[in-house]
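Here is the structure we will look at, set down as structure tokens.
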Amino acid sequence: MNMKLTLSPLAFAIGGILATVAPTAVSQEQEMADETIQVIGHQYQGYAENMPQSGTKTDVDWLDVPQAVSVVTQTEMEDRGAIRLVDTLDGVAGVNNTLGEGSRDQFVIRGFDALNDMYRDGMRDDGTLQSYRSLANIERVEVVKGSAGALYGRGSAGGIINLVTKRANGDNFTSVKGSVGSNSQFVGQLDSSMAFSDKVNGRINLEHRQADSYVDHVDSSDFFIAPTIRVMPNEGRTIDFDVEYAHQELVPYRGVPSKNGKPVDVAESTFYGGTNDYQESDSLRLGVNYEWLLNSEWTWTNRAAYNHIELKQKGTRQGVVTGNEVSQTVNNFGYDPRTTATLQSELVWETHSNQMMIGADYNQINIDFISATDTELPNKDIYNPISGPTTDPGFNPSRDNTTTTAGIYLQDVYTLGDLSVIGNVRYDAMKLEQQKVGSAKENLDDNKFSYRGGLVYRISSDMSVYTTLARSWQLPYAGIYISPTLAEFFQTDLKEVGAKAYLLDNALMLNVAVFQIDQERPQTNTSGDVTSKIDQRHQGFELEGRGQITKQWDVSVGYSYLDAEVKATGKKPNDVSDHLFSLWSSYQLDDNWRMGGGVKYVGDRYAGDNEAVALGDYTTVDLMAAYTTGRHKIQANAYNVFDEKYIIGATDGTSGLNQVGYGAPAEFMLSYGYQF
């Protein structure tokens, strides 16, 4: 750990006494230099992470990865007062959040929806897909931008998001944290780690969240627990056992309708849904990671994970606006259950000038989908909706879906002087089955090759330039539904050039990337014949800097310009901004005080693929102040301090035109943490 500041008064006092009255102890200190001293207190690690592994799945240096990779560290998450994943990714160039139907995390990377491109420790994270993920056991968040199918398989048109979890690394500590804020928000967290023996470590993270909302009748309650055990049976072997359980209750927020090409101008608190709407989910994840260092050149890693989720949502949605009224329906859906099983094995061989990885993985998703709809609801006044309960049609068996993918992949990184050549190739066999109630079974399957080829040239020891070509494949509806008019997989091609640099003794990371992403979406008839294609081109550039200007001054800044269009129409896709800018900075004033703040700008966007509803642009400003003394830390965060009224995003598709979500007005949060 590169600890920038030690914030324990006891440590300062002892150091002062030794310096003034015990100069003869210097020789004794030198003799004891190899001993480890654990300092209890709150420690800051900075905003730079020099060895993100998501870009290659191995320990290739960030400078030698031929693709843009961003990392949000735990320190930056703490400074921002991040409670949900959406708070964490605000500062990543090319990444923006959207409404997510008011019930889940959902992001847009380089203009492409990334709902199904979430990973946890390098494995597809499907269990909490329809929920707001907890950050309680997240060490950092890594974002690989651009097509990543050659490593991760299906998906990843715009990029992938990989959540790196906390591990039982043998430290002995317990930290607790409580936060209160606007709209009756309360968050309680516990992180406890200890070494049971020299071969067994344990760690547990707990979190409880509950809050009302800036939207009337919308509230939430969450419980999360994640114990993990690390076993080291002998030298070179490490086994991690993980369990995660999450229970979440919330009221989905479907936003507001639109009229004359704009969202209805009502108060952010306006609620159009039913007062008896709800979503309730229970998610369980079991995981194991076994790493075996066979010798100095070979490493073999095996992973397995199982997710089981049960979910029910009763949601009242806006339909079509006629005059000053909007139609409504109740759309119930759920998983009874949804399960995911994933296996992965990777063997890495590393010599002085070459690193090769051979991998294989298997992923199967089973969905027992339940649903019901009521279309007989009365219309509502779009300017003065009267809140009340709506009918509940219950839940009926609807369809069973099974999506199975099996892949083998190879990566080779060859270094010749200052030049590195990286090649990836992957073969996937993908099979989809669907059984609707009362219908014949439907099938969709294919075998696909993905690739990535890159060149990296080291201009100096701390600067490189790169270029890459890559191809990925996407399953229509992410493989969770089979449509007879989408019987072919989507193809996405990436072209990217860029430059990376470490500055200020590796404390600051800079990245610039210029890219072009082309996606082809075949449309078919009911016989599976291709009748037309929807082509999209997303091209632009990104600038990003993360790290420290000085030992006291941390900064995270990013800007992206994106020219995205559907080629046939020349119009922007749904919820894609042309400009994204973010700046967050914090400064350690002295041993106790830390101050920070940031600004985020999101450019013009539209709901729907035909620019039917203008969502506008917006700018928000956040502030923070923290006081730390020894084991205690008090922090205040203020969000959207100028009370900007803005649109956070829209649901995709035709219905999205009347499901447009307002963002939160000015809010605050006060936190207290204690380290045992």
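Ordering of the structure tokens sets the chain letters (A, B, ...); residue numbers start at 1 within each chain; ligands are numbered from 1 in the order shown.
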
* **All residues 7 Å or closer to region 474-480 of chain A, only C-alpha atoms, same chain fewer than 5 positions away omitted, as a ChimeraX atom specification** => /A:116,154-155,401,403,432,486,489-491

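Using only C-alpha atoms, the protein and nucleic acid residues lying no more than 6 Å from region 171-179 of chain A, apart from those fewer than 5 places from it along its own chain, are Phe186, Val187, Gly188, Gln189, Leu190, Asp191, Ser192, Ser193, Met194, Leu670, Ser671, Tyr672, Gly673, Tyr674, Gln675 and Phe676 of chain A.
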
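Here CA of Glu325 (chain A) stands at a distance of 14.0 Å from CA of Gly273 (chain A).
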
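With only C-alpha atoms as the atoms that count, the residue of A:Leu377, A:Ile367, A:Val231, A:Leu294 with the shortest distance to Tyr335 (chain A) is A:Ile367.
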
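Secondary structure by DSSP on the backbone puts the following residues of region 435-610 of chain A in helix (DSSP H, G or I): A:Pro476, A:Tyr477, A:Ala478, A:Gly479.
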
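Restricting the calculation to only C-alpha atoms, the smallest distance between Thr56 (chain A) and any of A:Asn574, A:Gln411, A:Gln548, A:Asn506 is found for A:Gln411.
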